[in-house]
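Source file: start_25.tsv (TSV, C-alpha atoms)
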chain	number	residue	atom	x	y	z
A	997	MET	CA	0.00	0.00	0.00
A	998	ASP	CA	1.33	3.43	-0.94
A	999	MET	CA	1.30	5.61	2.19
A	1000	GLU	CA	3.32	8.61	1.06
A	1001	GLU	CA	2.03	12.09	1.86
A	1002	LYS	CA	3.38	14.58	-0.68
A	1003	THR	CA	4.19	18.13	0.45
A	1004	LEU	CA	2.16	20.73	-1.44
A	1005	THR	CA	3.01	23.91	0.50
A	1006	LYS	CA	5.45	24.83	3.30
A	1007	GLU	CA	5.07	27.94	5.45
A	1008	TYR	CA	7.43	28.94	8.26
A	1009	VAL	CA	5.29	30.43	11.03
A	1010	PHE	CA	8.16	30.71	13.55
A	1011	GLU	CA	11.95	30.70	13.22
A	1012	GLY	CA	13.69	30.55	16.58
A	1013	LYS	CA	17.20	30.06	17.93
A	1014	ILE	CA	16.75	26.28	18.24
A	1015	LEU	CA	13.32	25.42	16.82
A	1016	ASN	CA	11.37	26.34	13.69
A	1017	MET	CA	7.65	25.72	13.26
A	1018	ARG	CA	6.11	24.97	9.85
A	1019	LYS	CA	2.53	24.78	8.68
A	1020	ASP	CA	2.40	22.55	5.61
A	1021	THR	CA	-0.29	21.16	3.39
A	1022	ALA	CA	0.19	17.64	2.04
A	1023	GLN	CA	-1.61	15.31	-0.35
A	1024	MET	CA	-2.65	11.89	0.93
A	1025	PRO	CA	-2.47	8.77	-1.30
A	1026	ASP	CA	-6.20	9.14	-2.07
A	1027	GLY	CA	-5.72	12.77	-3.15
A	1028	MET	CA	-7.15	14.36	0.00
A	1029	VAL	CA	-5.32	17.51	1.12
A	1030	VAL	CA	-4.43	17.74	4.83
A	1031	ASP	CA	-2.72	20.22	7.18
A	1032	ARG	CA	0.52	19.18	8.89
A	1033	GLU	CA	2.14	21.13	11.72
A	1034	VAL	CA	5.85	20.35	11.92
A	1035	VAL	CA	8.56	21.29	14.44
A	1036	GLU	CA	12.04	21.49	12.94
A	1037	HIS	CA	14.96	20.63	15.24
A	1038	PRO	CA	18.63	20.24	14.21
A	1039	GLY	CA	18.95	16.82	15.86
A	1040	GLY	CA	20.92	15.66	18.85
A	1041	VAL	CA	22.83	12.88	20.55
A	1042	GLY	CA	22.65	10.75	23.68
A	1043	ILE	CA	25.83	9.23	25.15
A	1044	ALA	CA	26.20	6.20	27.42
A	1045	LEU	CA	29.58	6.57	29.14
A	1046	GLU	CA	30.59	3.47	31.11
A	1047	ASP	CA	33.37	3.47	33.70
A	1048	GLU	CA	35.60	0.51	34.69
A	1049	GLU	CA	33.19	-0.50	37.48
A	1050	GLY	CA	30.27	-0.87	35.04
A	1051	ARG	CA	28.60	2.37	36.12
A	1052	PHE	CA	27.17	4.89	33.66
A	1053	CYS	CA	27.17	8.69	33.93
A	1054	PHE	CA	23.77	10.40	34.18
A	1055	VAL	CA	22.90	14.06	34.49
A	1056	ARG	CA	20.30	15.56	36.79
A	1057	GLN	CA	18.99	18.90	35.57
A	1058	TRP	CA	16.01	21.26	35.44
A	1059	ARG	CA	13.76	20.71	32.43
A	1060	TYR	CA	11.96	23.98	31.81
A	1061	ALA	CA	9.17	22.61	29.59
A	1062	HIS	CA	8.06	20.25	32.40
A	1063	GLY	CA	8.99	22.43	35.37
A	1064	GLU	CA	10.88	19.64	37.09
A	1065	VAL	CA	14.23	17.97	37.56
A	1066	THR	CA	14.97	14.82	35.52
A	1067	LEU	CA	17.72	12.19	35.45
A	1068	GLU	CA	18.94	11.41	31.92
A	1069	PHE	CA	21.84	10.09	29.91
A	1070	PRO	CA	24.11	13.02	28.87
A	1071	ALA	CA	22.84	14.58	25.66
A	1072	GLY	CA	23.05	17.62	23.49
A	1073	LYS	CA	22.04	19.13	20.20
A	1074	LYS	CA	24.08	19.36	17.04
A	1075	GLU	CA	25.71	22.63	16.12
A	1076	ALA	CA	25.24	23.74	12.50
A	1077	GLY	CA	26.97	21.35	10.12
A	1078	GLU	CA	28.16	19.03	12.89
A	1079	ASP	CA	28.00	15.25	12.48
A	1080	ALA	CA	26.52	13.29	15.38
A	1081	LEU	CA	29.78	11.67	16.54
A	1082	THR	CA	31.48	15.07	16.82
A	1083	THR	CA	28.54	16.34	18.88
A	1084	ALA	CA	28.76	13.28	21.12
A	1085	LYS	CA	32.50	13.70	21.74
A	1086	ARG	CA	32.01	17.40	22.57
A	1087	GLU	CA	28.91	17.02	24.76
A	1088	ILE	CA	30.19	14.17	26.92
A	1089	VAL	CA	33.14	16.30	28.09
A	1090	GLU	CA	31.03	19.43	28.51
A	1091	GLU	CA	28.39	17.70	30.65
A	1092	THR	CA	30.39	15.13	32.65
A	1093	GLY	CA	33.98	16.38	32.47
A	1094	TYR	CA	35.15	13.04	31.03
A	1095	GLU	CA	36.25	12.20	27.53
A	1096	GLY	CA	34.78	9.16	25.88
A	1097	LYS	CA	36.90	6.54	24.10
A	1098	ASP	CA	36.07	3.61	21.79
A	1099	PHE	CA	32.77	5.16	20.65
A	1100	VAL	CA	30.20	2.65	19.34
A	1101	TYR	CA	27.03	3.62	17.42
A	1102	LEU	CA	24.01	2.31	19.35
A	1103	GLY	CA	21.08	3.42	17.23
A	1104	LYS	CA	18.80	6.36	16.54
A	1105	MET	CA	15.52	7.61	17.95
A	1106	TYR	CA	12.63	9.75	16.72
A	1107	PRO	CA	11.28	11.35	19.92
A	1108	THR	CA	7.95	12.44	18.41
A	1109	PRO	CA	7.64	11.04	14.88
A	1110	ALA	CA	4.14	12.51	14.46
A	1111	TYR	CA	5.21	16.15	14.23
A	1112	ASP	CA	8.93	16.72	14.95
A	1113	THR	CA	11.91	16.22	12.63
A	1114	GLU	CA	14.33	15.62	15.54
A	1115	VAL	CA	16.55	12.55	15.30
A	1116	VAL	CA	18.64	11.60	18.35
A	1117	THR	CA	21.73	9.49	17.58
A	1118	PHE	CA	22.92	7.21	20.39
A	1119	TYR	CA	26.53	6.31	21.22
A	1120	TYR	CA	28.20	4.09	23.78
A	1121	ALA	CA	31.73	4.90	24.96
A	1122	LYS	CA	34.21	3.88	27.62
A	1123	GLN	CA	35.20	6.52	30.16
A	1124	GLY	CA	38.44	8.26	29.18
A	1125	ASN	CA	40.50	11.08	30.70
A	1126	PHE	CA	39.08	13.72	33.03
A	1127	LYS	CA	39.17	17.13	31.37
A	1128	GLY	CA	36.70	19.06	33.57
A	1129	GLN	CA	33.07	20.01	33.00
A	1130	HIS	CA	32.40	23.17	31.00
A	1131	LEU	CA	28.69	23.86	30.94
A	1132	ASP	CA	26.85	26.44	28.86
A	1133	ALA	CA	25.99	29.59	30.81
A	1134	ASP	CA	22.34	28.49	31.00
A	1135	GLU	CA	23.02	24.93	32.24
A	1136	TYR	CA	23.13	23.57	35.81
A	1137	ILE	CA	23.91	19.86	35.91
A	1138	ASN	CA	24.69	17.28	38.61
A	1139	VAL	CA	26.47	14.10	37.47
A	1140	GLU	CA	25.45	10.78	39.10
A	1141	ARG	CA	26.52	7.20	38.42
A	1142	TYR	CA	24.35	4.09	38.25
A	1143	THR	CA	24.71	0.58	36.89
A	1144	LEU	CA	22.44	-0.52	34.06
A	1145	ASP	CA	20.38	-2.70	36.41
A	1146	GLU	CA	19.91	0.20	38.82
A	1147	MET	CA	18.63	2.30	35.91
A	1148	ILE	CA	16.23	-0.41	34.74
A	1149	GLU	CA	14.86	-0.51	38.31
A	1150	GLN	CA	14.35	3.28	38.29
A	1151	CYS	CA	12.64	3.07	34.87
A	1152	VAL	CA	10.23	0.38	36.11
A	1153	LYS	CA	9.41	2.52	39.17
A	1154	GLY	CA	8.48	5.41	36.86
A	1155	GLU	CA	11.33	7.65	37.99
A	1156	ILE	CA	12.89	8.10	34.52
A	1157	PRO	CA	10.34	9.55	32.09
A	1158	ASP	CA	13.00	10.67	29.58
A	1159	ALA	CA	12.45	8.88	26.26
A	1160	LYS	CA	16.08	8.81	25.22
A	1161	THR	CA	17.19	7.31	28.52
A	1162	MET	CA	14.61	4.49	28.46
A	1163	SER	CA	15.39	3.74	24.79
A	1164	MET	CA	19.14	3.67	25.38
A	1165	VAL	CA	18.75	1.41	28.42
A	1166	LEU	CA	16.78	-1.05	26.25
A	1167	LEU	CA	19.42	-1.05	23.51
A	1168	ILE	CA	22.41	-1.35	25.87
A	1169	LYS	CA	20.80	-4.18	27.85
A	1170	ALA	CA	19.89	-6.11	24.68
A	1171	LYS	CA	23.27	-5.53	23.01
A	1172	LYS	CA	25.17	-6.59	26.14
A	1173	GLU	CA	23.08	-9.78	26.31
A	1174	ARG	CA	23.98	-10.45	22.66
A	1175	GLY	CA	27.70	-9.81	23.28
A	1176	GLU	CA	27.60	-6.76	21.00
A	1177	LEU	CA	28.86	-4.37	23.70
B	1444	MET	CA	21.24	22.64	44.80
B	1445	ASP	CA	18.30	24.78	43.68
B	1446	MET	CA	17.88	24.28	39.93
B	1447	GLU	CA	14.52	25.95	39.31
B	1448	GLU	CA	14.15	28.30	36.35
B	1449	LYS	CA	11.37	30.80	37.07
B	1450	THR	CA	9.21	32.02	34.16
B	1451	LEU	CA	9.43	35.79	33.70
B	1452	THR	CA	7.53	36.25	30.42
B	1453	LYS	CA	5.50	34.00	28.11
B	1454	GLU	CA	4.73	34.87	24.49
B	1455	TYR	CA	2.69	32.70	22.11
B	1456	VAL	CA	4.33	32.98	18.69
B	1457	PHE	CA	2.14	30.28	17.06
B	1458	GLU	CA	-1.19	28.71	17.98
B	1459	GLY	CA	-2.05	25.75	15.78
B	1460	LYS	CA	-4.61	22.97	15.62
B	1461	ILE	CA	-2.40	20.58	17.60
B	1462	LEU	CA	0.72	22.49	18.62
B	1463	ASN	CA	1.44	25.90	20.15
B	1464	MET	CA	4.87	27.51	20.23
B	1465	ARG	CA	5.97	29.80	23.06
B	1466	LYS	CA	8.96	32.07	23.46
B	1467	ASP	CA	9.58	32.56	27.17
B	1468	THR	CA	12.18	34.28	29.27
B	1469	ALA	CA	13.17	32.59	32.53
B	1470	GLN	CA	15.41	33.41	35.48
B	1471	MET	CA	18.13	30.92	36.40
B	1472	PRO	CA	19.05	30.19	40.04
B	1473	ASP	CA	21.98	32.64	39.78
B	1474	GLY	CA	19.68	35.41	38.50
B	1475	MET	CA	20.72	35.19	34.84
B	1476	VAL	CA	17.85	35.67	32.37
B	1477	VAL	CA	17.63	33.14	29.51
B	1478	ASP	CA	15.39	32.52	26.49
B	1479	ARG	CA	13.36	29.29	26.36
B	1480	GLU	CA	11.53	28.06	23.23
B	1481	VAL	CA	8.72	25.70	24.21
B	1482	VAL	CA	6.37	23.51	22.15
B	1483	GLU	CA	3.00	22.92	23.80
B	1484	HIS	CA	1.27	19.61	23.04
B	1485	PRO	CA	-1.91	18.26	24.70
B	1486	GLY	CA	-0.28	14.91	25.55
B	1487	GLY	CA	-0.93	11.43	24.27
B	1488	VAL	CA	-0.99	7.73	24.97
B	1489	GLY	CA	0.71	4.54	23.81
B	1490	ILE	CA	-1.09	1.20	24.15
B	1491	ALA	CA	0.40	-2.31	24.28
B	1492	LEU	CA	-2.40	-4.70	23.30
B	1493	GLU	CA	-1.48	-8.36	23.84
B	1494	ASP	CA	-3.44	-11.23	22.31
B	1495	GLU	CA	-3.82	-14.76	23.73
B	1496	GLU	CA	-0.77	-15.99	21.76
B	1497	GLY	CA	1.51	-13.38	23.36
B	1498	ARG	CA	1.62	-11.20	20.27
B	1499	PHE	CA	1.25	-7.40	20.40
B	1500	CYS	CA	-0.48	-5.12	17.89
B	1501	PHE	CA	1.70	-2.60	16.07
B	1502	VAL	CA	0.79	0.00	13.46
B	1503	ARG	CA	2.75	0.76	10.32
B	1504	GLN	CA	2.11	4.27	9.02
B	1505	TRP	CA	3.55	7.26	7.16
B	1506	ARG	CA	5.24	9.79	9.44
B	1507	TYR	CA	5.16	13.10	7.62
B	1508	ALA	CA	7.85	14.88	9.70
B	1509	HIS	CA	10.40	12.18	8.74
B	1510	GLY	CA	9.08	11.35	5.27
B	1511	GLU	CA	9.05	7.62	5.98
B	1512	VAL	CA	7.02	4.69	7.21
B	1513	THR	CA	7.50	3.56	10.82
B	1514	LEU	CA	6.33	0.63	12.96
B	1515	GLU	CA	5.03	1.71	16.39
B	1516	PHE	CA	2.79	0.72	19.24
B	1517	PRO	CA	-0.72	2.16	18.66
B	1518	ALA	CA	-0.91	5.70	19.99
B	1519	GLY	CA	-2.90	8.88	19.86
B	1520	LYS	CA	-3.29	12.31	21.33
B	1521	LYS	CA	-5.72	13.43	23.99
B	1522	GLU	CA	-8.81	15.34	23.00
B	1523	ALA	CA	-9.57	18.45	25.06
B	1524	GLY	CA	-10.37	17.54	28.65
B	1525	GLU	CA	-9.83	13.81	28.10
B	1526	ASP	CA	-7.99	11.72	30.70
B	1527	ALA	CA	-5.28	9.41	29.37
B	1528	LEU	CA	-7.14	6.13	30.03
B	1529	THR	CA	-10.16	7.34	28.04
B	1530	THR	CA	-7.86	8.30	25.17
B	1531	ALA	CA	-6.22	4.87	25.31
B	1532	LYS	CA	-9.56	3.01	25.22
B	1533	ARG	CA	-10.71	5.10	22.26
B	1534	GLU	CA	-7.47	4.99	20.26
B	1535	ILE	CA	-6.87	1.25	20.53
B	1536	VAL	CA	-10.22	0.52	18.84
B	1537	GLU	CA	-9.79	3.27	16.25
B	1538	GLU	CA	-6.32	2.09	15.19
B	1539	THR	CA	-6.51	-1.69	15.54
B	1540	GLY	CA	-10.23	-2.47	15.54
B	1541	TYR	CA	-9.92	-4.30	18.88
B	1542	GLU	CA	-11.10	-3.21	22.29
B	1543	GLY	CA	-8.67	-3.49	25.18
B	1544	LYS	CA	-9.59	-5.09	28.50
B	1545	ASP	CA	-7.92	-5.16	31.93
B	1546	PHE	CA	-5.98	-1.95	31.30
B	1547	VAL	CA	-2.80	-1.55	33.38
B	1548	TYR	CA	-0.85	1.71	33.75
B	1549	LEU	CA	2.72	1.12	32.52
B	1550	GLY	CA	4.38	4.48	32.98
B	1551	LYS	CA	4.86	7.87	31.34
B	1552	MET	CA	7.36	9.34	28.92
B	1553	TYR	CA	8.65	12.82	28.09
B	1554	PRO	CA	9.63	12.53	24.39
B	1555	THR	CA	11.74	15.71	24.33
B	1556	PRO	CA	12.06	17.10	27.86
B	1557	ALA	CA	14.33	19.93	26.68
B	1558	TYR	CA	11.64	21.90	24.85
B	1559	ASP	CA	8.27	20.09	24.58
B	1560	THR	CA	5.53	19.79	27.21
B	1561	GLU	CA	4.22	16.50	25.73
B	1562	VAL	CA	3.70	13.64	28.16
B	1563	VAL	CA	2.86	10.19	26.73
B	1564	THR	CA	1.04	7.87	29.15
B	1565	PHE	CA	1.55	4.13	28.56
B	1566	TYR	CA	-1.01	1.37	29.08
B	1567	TYR	CA	-0.97	-2.39	28.73
B	1568	ALA	CA	-4.21	-4.25	27.93
B	1569	LYS	CA	-5.43	-7.68	26.93
B	1570	GLN	CA	-7.08	-7.97	23.52
B	1571	GLY	CA	-10.87	-7.78	23.78
B	1572	ASN	CA	-13.71	-7.86	21.27
B	1573	PHE	CA	-13.31	-6.92	17.61
B	1574	LYS	CA	-15.27	-3.75	16.84
B	1575	GLY	CA	-13.67	-2.69	13.54
B	1576	GLN	CA	-11.05	-0.04	12.78
B	1577	HIS	CA	-12.29	3.52	12.30
B	1578	LEU	CA	-9.41	5.73	11.29
B	1579	ASP	CA	-9.40	9.50	11.01
B	1580	ALA	CA	-9.79	10.76	7.44
B	1581	ASP	CA	-6.08	11.63	7.32
B	1582	GLU	CA	-4.78	8.27	8.64
B	1583	TYR	CA	-3.62	5.19	6.71
B	1584	ILE	CA	-2.56	2.37	9.02
B	1585	ASN	CA	-1.55	-1.29	8.63
B	1586	VAL	CA	-1.80	-3.46	11.75
B	1587	GLU	CA	0.92	-6.12	12.32
B	1588	ARG	CA	1.56	-8.49	15.21
B	1589	TYR	CA	4.86	-9.39	16.85
B	1590	THR	CA	5.96	-10.97	20.10
B	1591	LEU	CA	7.95	-8.90	22.58
B	1592	ASP	CA	11.18	-10.77	21.71
B	1593	GLU	CA	10.64	-10.14	17.99
B	1594	MET	CA	10.25	-6.43	18.73
B	1595	ILE	CA	13.41	-6.34	20.89
B	1596	GLU	CA	15.25	-7.91	17.95
B	1597	GLN	CA	13.93	-5.24	15.57
B	1598	CYS	CA	14.91	-2.50	18.06
B	1599	VAL	CA	18.47	-3.85	18.31
B	1600	LYS	CA	18.70	-3.94	14.51
B	1601	GLY	CA	17.76	-0.24	14.36
B	1602	GLU	CA	14.44	-0.85	12.63
B	1603	ILE	CA	12.28	0.82	15.32
B	1604	PRO	CA	13.39	4.43	15.88
B	1605	ASP	CA	10.12	5.43	17.61
B	1606	ALA	CA	10.87	6.55	21.18
B	1607	LYS	CA	7.56	5.45	22.66
B	1608	THR	CA	7.88	1.95	21.21
B	1609	MET	CA	11.42	1.39	22.52
B	1610	SER	CA	10.48	2.77	25.95
B	1611	MET	CA	7.34	0.61	26.19
B	1612	VAL	CA	9.28	-2.50	25.13
B	1613	LEU	CA	11.76	-1.84	27.97
B	1614	LEU	CA	9.00	-1.41	30.55
B	1615	ILE	CA	6.95	-4.44	29.41
B	1616	LYS	CA	10.02	-6.70	29.32
B	1617	ALA	CA	11.17	-5.60	32.80
B	1618	LYS	CA	7.68	-5.79	34.33
B	1619	LYS	CA	7.07	-9.27	32.86
B	1620	GLU	CA	10.40	-10.44	34.30
B	1621	ARG	CA	9.30	-9.07	37.70
B	1622	GLY	CA	5.89	-10.79	37.47
B	1623	GLU	CA	4.15	-7.39	37.38
B	1624	LEU	CA	2.40	-8.07	34.04
Using structure tokens, write down the structure that the file contains.
Amino acid sequence: MDMEEKTLTKEYVFEGKILNMRKDTAQMPDGMVVDREVVEHPGGVGIALEDEEGRFCFVRQWRYAHGEVTLEFPAGKKEAGEDALTTAKREIVEETGYEGKDFVYLGKMYPTPAYDTEVVTFYYAKQGNFKGQHLDADEYINVERYTLDEMIEQCVKGEIPDAKTMSMVLLIKAKKERGEL
Amino acid sequence: MDMEEKTLTKEYVFEGKILNMRKDTAQMPDGMVVDREVVEHPGGVGIALEDEEGRFCFVRQWRYAHGEVTLEFPAGKKEAGEDALTTAKREIVEETGYEGKDFVYLGKMYPTPAYDTEVVTFYYAKQGNFKGQHLDADEYINVERYTLDEMIEQCVKGEIPDAKTMSMVLLIKAKKERGEL
């Protein structure tokens, strides 16, 4: 079955520092014309940094859109023209103070495929040298360490609503069981 | 450490059918004033419907923002004033044709906690009576069935980028192992 929706018109209704908002019209396979609201985001990364004791780095920070503090894998958004691995290598030092080494591609995630172009690329890395945290001026972050099993327990208890963190935990657990990590 | 960012100003720069976009200013704990771009979304649900053979219903559909077809757990957004369980009971019939029974709350997910207010509430249900699919005019959906282990395999292979589906697979797997499902 052909499912493609073909773009007929694109209108930018907001162009921000990080996000753009578009109001498109598209043609369905049966010819019907529909409205589509789309958020444009440059894309980001999530990084699972494991130390020699099998503990991973997580960051606890204020999430303005939800008005609460969350615990998540370190993450960040791509700068213009940056490939995902470069972003990952930059962000892991900025947020945790540690370099990553032996980076492995874990997978990708669409946070909200219905209306947002964002793609988050996941990496796994071993903990490397300590270089010191250097946060953006508008970031406050606490770094905490947990094993994978401790994180699964927190996910099951409903303490980790972050999509990227739950998705990465699934992939790391399954890849470790398969001997792929 | 106090991490709260206090809203100083809120400006709606776009009000759409589904999404709103806000441009806020907020005060950091140290007094610094920062810009925050926020997408407002009414929230949604994801439903894991299991049949008597241990297979779950998934929907294959066109995702306009990514220009591709994805395979995901059935899902939908809340109508105005609707509680999440009501949305789940309505959407599972609309998308798969089957009613759910014995609904169990699985957890919640923030797809993009950095800039989007959306909360997705997850439910698990047993497959009930067949009532017939009734899709929205702008939806084309194929229903497919897979076991949990088949879905984990597809996630590991990178075939399931949808955040809600990976997160729900993690929670169902862990809760089944703990005898909670």
Chain A in the frame of chain B after Cα least-squares fit, as a short mmCIF file (atom, residue, chain, number, x, y, z; two decimals) with C-alpha atoms, keeping the file's coordinate frame:
data_model
loop_
_atom_site.label_atom_id
_atom_site.label_comp_id
_atom_site.auth_asym_id
_atom_site.auth_seq_id
_atom_site.Cartn_x
_atom_site.Cartn_y
_atom_site.Cartn_z
CA MET A 997 21.26 22.62 44.79
CA ASP A 998 18.34 24.77 43.67
CA MET A 999 17.88 24.28 39.91
CA GLU A 1000 14.53 25.95 39.32
CA GLU A 1001 14.16 28.30 36.36
CA LYS A 1002 11.38 30.81 37.05
CA THR A 1003 9.21 32.02 34.16
CA LEU A 1004 9.43 35.79 33.70
CA THR A 1005 7.54 36.26 30.41
CA LYS A 1006 5.48 34.01 28.10
CA GLU A 1007 4.72 34.88 24.48
CA TYR A 1008 2.70 32.71 22.11
CA VAL A 1009 4.33 32.99 18.68
CA PHE A 1010 2.15 30.29 17.05
CA GLU A 1011 -1.19 28.71 17.97
CA GLY A 1012 -2.04 25.76 15.76
CA LYS A 1013 -4.62 22.98 15.61
CA ILE A 1014 -2.41 20.58 17.59
CA LEU A 1015 0.72 22.49 18.62
CA ASN A 1016 1.44 25.90 20.15
CA MET A 1017 4.88 27.50 20.22
CA ARG A 1018 5.97 29.81 23.05
CA LYS A 1019 8.96 32.08 23.46
CA ASP A 1020 9.59 32.57 27.17
CA THR A 1021 12.18 34.28 29.27
CA ALA A 1022 13.18 32.62 32.54
CA GLN A 1023 15.42 33.41 35.49
CA MET A 1024 18.15 30.93 36.39
CA PRO A 1025 19.06 30.19 40.05
CA ASP A 1026 21.99 32.65 39.78
CA GLY A 1027 19.69 35.41 38.49
CA MET A 1028 20.73 35.19 34.84
CA VAL A 1029 17.86 35.67 32.37
CA VAL A 1030 17.62 33.15 29.51
CA ASP A 1031 15.39 32.52 26.48
CA ARG A 1032 13.36 29.29 26.34
CA GLU A 1033 11.54 28.07 23.24
CA VAL A 1034 8.72 25.71 24.21
CA VAL A 1035 6.37 23.52 22.15
CA GLU A 1036 3.00 22.92 23.79
CA HIS A 1037 1.27 19.61 23.04
CA PRO A 1038 -1.90 18.26 24.71
CA GLY A 1039 -0.29 14.92 25.56
CA GLY A 1040 -0.94 11.44 24.28
CA VAL A 1041 -1.00 7.72 24.98
CA GLY A 1042 0.70 4.54 23.81
CA ILE A 1043 -1.09 1.18 24.15
CA ALA A 1044 0.40 -2.31 24.29
CA LEU A 1045 -2.40 -4.70 23.31
CA GLU A 1046 -1.48 -8.36 23.84
CA ASP A 1047 -3.45 -11.24 22.31
CA GLU A 1048 -3.82 -14.78 23.73
CA GLU A 1049 -0.78 -15.99 21.76
CA GLY A 1050 1.51 -13.38 23.37
CA ARG A 1051 1.62 -11.18 20.28
CA PHE A 1052 1.25 -7.40 20.41
CA CYS A 1053 -0.48 -5.12 17.89
CA PHE A 1054 1.71 -2.58 16.07
CA VAL A 1055 0.80 -0.01 13.46
CA ARG A 1056 2.75 0.78 10.32
CA GLN A 1057 2.11 4.27 9.01
CA TRP A 1058 3.56 7.27 7.16
CA ARG A 1059 5.25 9.79 9.44
CA TYR A 1060 5.17 13.11 7.63
CA ALA A 1061 7.85 14.89 9.70
CA HIS A 1062 10.40 12.19 8.76
CA GLY A 1063 9.09 11.35 5.29
CA GLU A 1064 9.05 7.63 5.98
CA VAL A 1065 7.01 4.70 7.21
CA THR A 1066 7.50 3.57 10.83
CA LEU A 1067 6.33 0.63 12.96
CA GLU A 1068 5.03 1.70 16.38
CA PHE A 1069 2.79 0.72 19.24
CA PRO A 1070 -0.73 2.17 18.66
CA ALA A 1071 -0.92 5.71 19.99
CA GLY A 1072 -2.90 8.88 19.86
CA LYS A 1073 -3.30 12.32 21.32
CA LYS A 1074 -5.72 13.43 23.99
CA GLU A 1075 -8.83 15.32 23.00
CA ALA A 1076 -9.57 18.45 25.05
CA GLY A 1077 -10.36 17.55 28.65
CA GLU A 1078 -9.82 13.82 28.11
CA ASP A 1079 -7.98 11.72 30.70
CA ALA A 1080 -5.28 9.40 29.38
CA LEU A 1081 -7.15 6.12 30.03
CA THR A 1082 -10.16 7.34 28.04
CA THR A 1083 -7.85 8.28 25.16
CA ALA A 1084 -6.22 4.86 25.32
CA LYS A 1085 -9.55 3.00 25.23
CA ARG A 1086 -10.72 5.10 22.26
CA GLU A 1087 -7.48 4.98 20.25
CA ILE A 1088 -6.88 1.24 20.53
CA VAL A 1089 -10.23 0.52 18.84
CA GLU A 1090 -9.79 3.26 16.25
CA GLU A 1091 -6.32 2.09 15.18
CA THR A 1092 -6.51 -1.71 15.54
CA GLY A 1093 -10.23 -2.48 15.54
CA TYR A 1094 -9.93 -4.30 18.88
CA GLU A 1095 -11.10 -3.23 22.30
CA GLY A 1096 -8.69 -3.50 25.17
CA LYS A 1097 -9.60 -5.09 28.51
CA ASP A 1098 -7.91 -5.18 31.93
CA PHE A 1099 -5.98 -1.95 31.31
CA VAL A 1100 -2.80 -1.56 33.40
CA TYR A 1101 -0.84 1.71 33.75
CA LEU A 1102 2.72 1.11 32.53
CA GLY A 1103 4.38 4.48 32.99
CA LYS A 1104 4.85 7.86 31.35
CA MET A 1105 7.35 9.34 28.93
CA TYR A 1106 8.64 12.82 28.09
CA PRO A 1107 9.62 12.53 24.40
CA THR A 1108 11.73 15.71 24.33
CA PRO A 1109 12.04 17.10 27.87
CA ALA A 1110 14.31 19.94 26.70
CA TYR A 1111 11.64 21.91 24.85
CA ASP A 1112 8.28 20.10 24.59
CA THR A 1113 5.53 19.79 27.21
CA GLU A 1114 4.22 16.50 25.73
CA VAL A 1115 3.69 13.64 28.17
CA VAL A 1116 2.85 10.20 26.74
CA THR A 1117 1.03 7.86 29.15
CA PHE A 1118 1.55 4.14 28.56
CA TYR A 1119 -1.01 1.36 29.09
CA TYR A 1120 -0.97 -2.40 28.74
CA ALA A 1121 -4.21 -4.25 27.94
CA LYS A 1122 -5.42 -7.68 26.93
CA GLN A 1123 -7.07 -7.99 23.52
CA GLY A 1124 -10.86 -7.79 23.79
CA ASN A 1125 -13.71 -7.87 21.26
CA PHE A 1126 -13.31 -6.92 17.60
CA LYS A 1127 -15.27 -3.77 16.83
CA GLY A 1128 -13.65 -2.70 13.53
CA GLN A 1129 -11.05 -0.05 12.77
CA HIS A 1130 -12.30 3.51 12.29
CA LEU A 1131 -9.42 5.73 11.27
CA ASP A 1132 -9.39 9.51 11.00
CA ALA A 1133 -9.79 10.75 7.43
CA ASP A 1134 -6.08 11.64 7.32
CA GLU A 1135 -4.78 8.28 8.63
CA TYR A 1136 -3.62 5.19 6.71
CA ILE A 1137 -2.54 2.38 9.02
CA ASN A 1138 -1.54 -1.28 8.62
CA VAL A 1139 -1.79 -3.46 11.74
CA GLU A 1140 0.93 -6.11 12.32
CA ARG A 1141 1.56 -8.50 15.20
CA TYR A 1142 4.87 -9.37 16.85
CA THR A 1143 5.96 -10.97 20.09
CA LEU A 1144 7.96 -8.90 22.56
CA ASP A 1145 11.17 -10.76 21.71
CA GLU A 1146 10.63 -10.14 18.00
CA MET A 1147 10.26 -6.42 18.76
CA ILE A 1148 13.40 -6.33 20.89
CA GLU A 1149 15.25 -7.92 17.95
CA GLN A 1150 13.92 -5.23 15.58
CA CYS A 1151 14.91 -2.49 18.06
CA VAL A 1152 18.47 -3.84 18.31
CA LYS A 1153 18.71 -3.94 14.50
CA GLY A 1154 17.76 -0.25 14.38
CA GLU A 1155 14.44 -0.83 12.63
CA ILE A 1156 12.27 0.83 15.32
CA PRO A 1157 13.38 4.43 15.89
CA ASP A 1158 10.12 5.43 17.62
CA ALA A 1159 10.86 6.55 21.18
CA LYS A 1160 7.57 5.44 22.66
CA THR A 1161 7.88 1.95 21.20
CA MET A 1162 11.42 1.39 22.51
CA SER A 1163 10.46 2.77 25.95
CA MET A 1164 7.35 0.61 26.18
CA VAL A 1165 9.27 -2.51 25.13
CA LEU A 1166 11.76 -1.85 27.96
CA LEU A 1167 8.99 -1.42 30.55
CA ILE A 1168 6.95 -4.45 29.42
CA LYS A 1169 10.02 -6.71 29.32
CA ALA A 1170 11.16 -5.60 32.79
CA LYS A 1171 7.67 -5.80 34.32
CA LYS A 1172 7.06 -9.27 32.86
CA GLU A 1173 10.40 -10.44 34.31
CA ARG A 1174 9.30 -9.08 37.70
CA GLY A 1175 5.88 -10.79 37.47
CA GLU A 1176 4.15 -7.40 37.37
CA LEU A 1177 2.40 -8.09 34.05
#
Problem - Atom-to-atom span, CA of Arg1086 in chain A and CA of Tyr1142 in chain A, Å - result: 21.9 Å
Handout entry: Close residues, range 999-1005 of chain A itself excluded, 12 Å, only C-alpha atoms, min 6 positions apart in chain, as a PyMOL selection string
Key = (chain A and resi 1018-1034) or (chain B and resi 1503-1513+1581-1585)
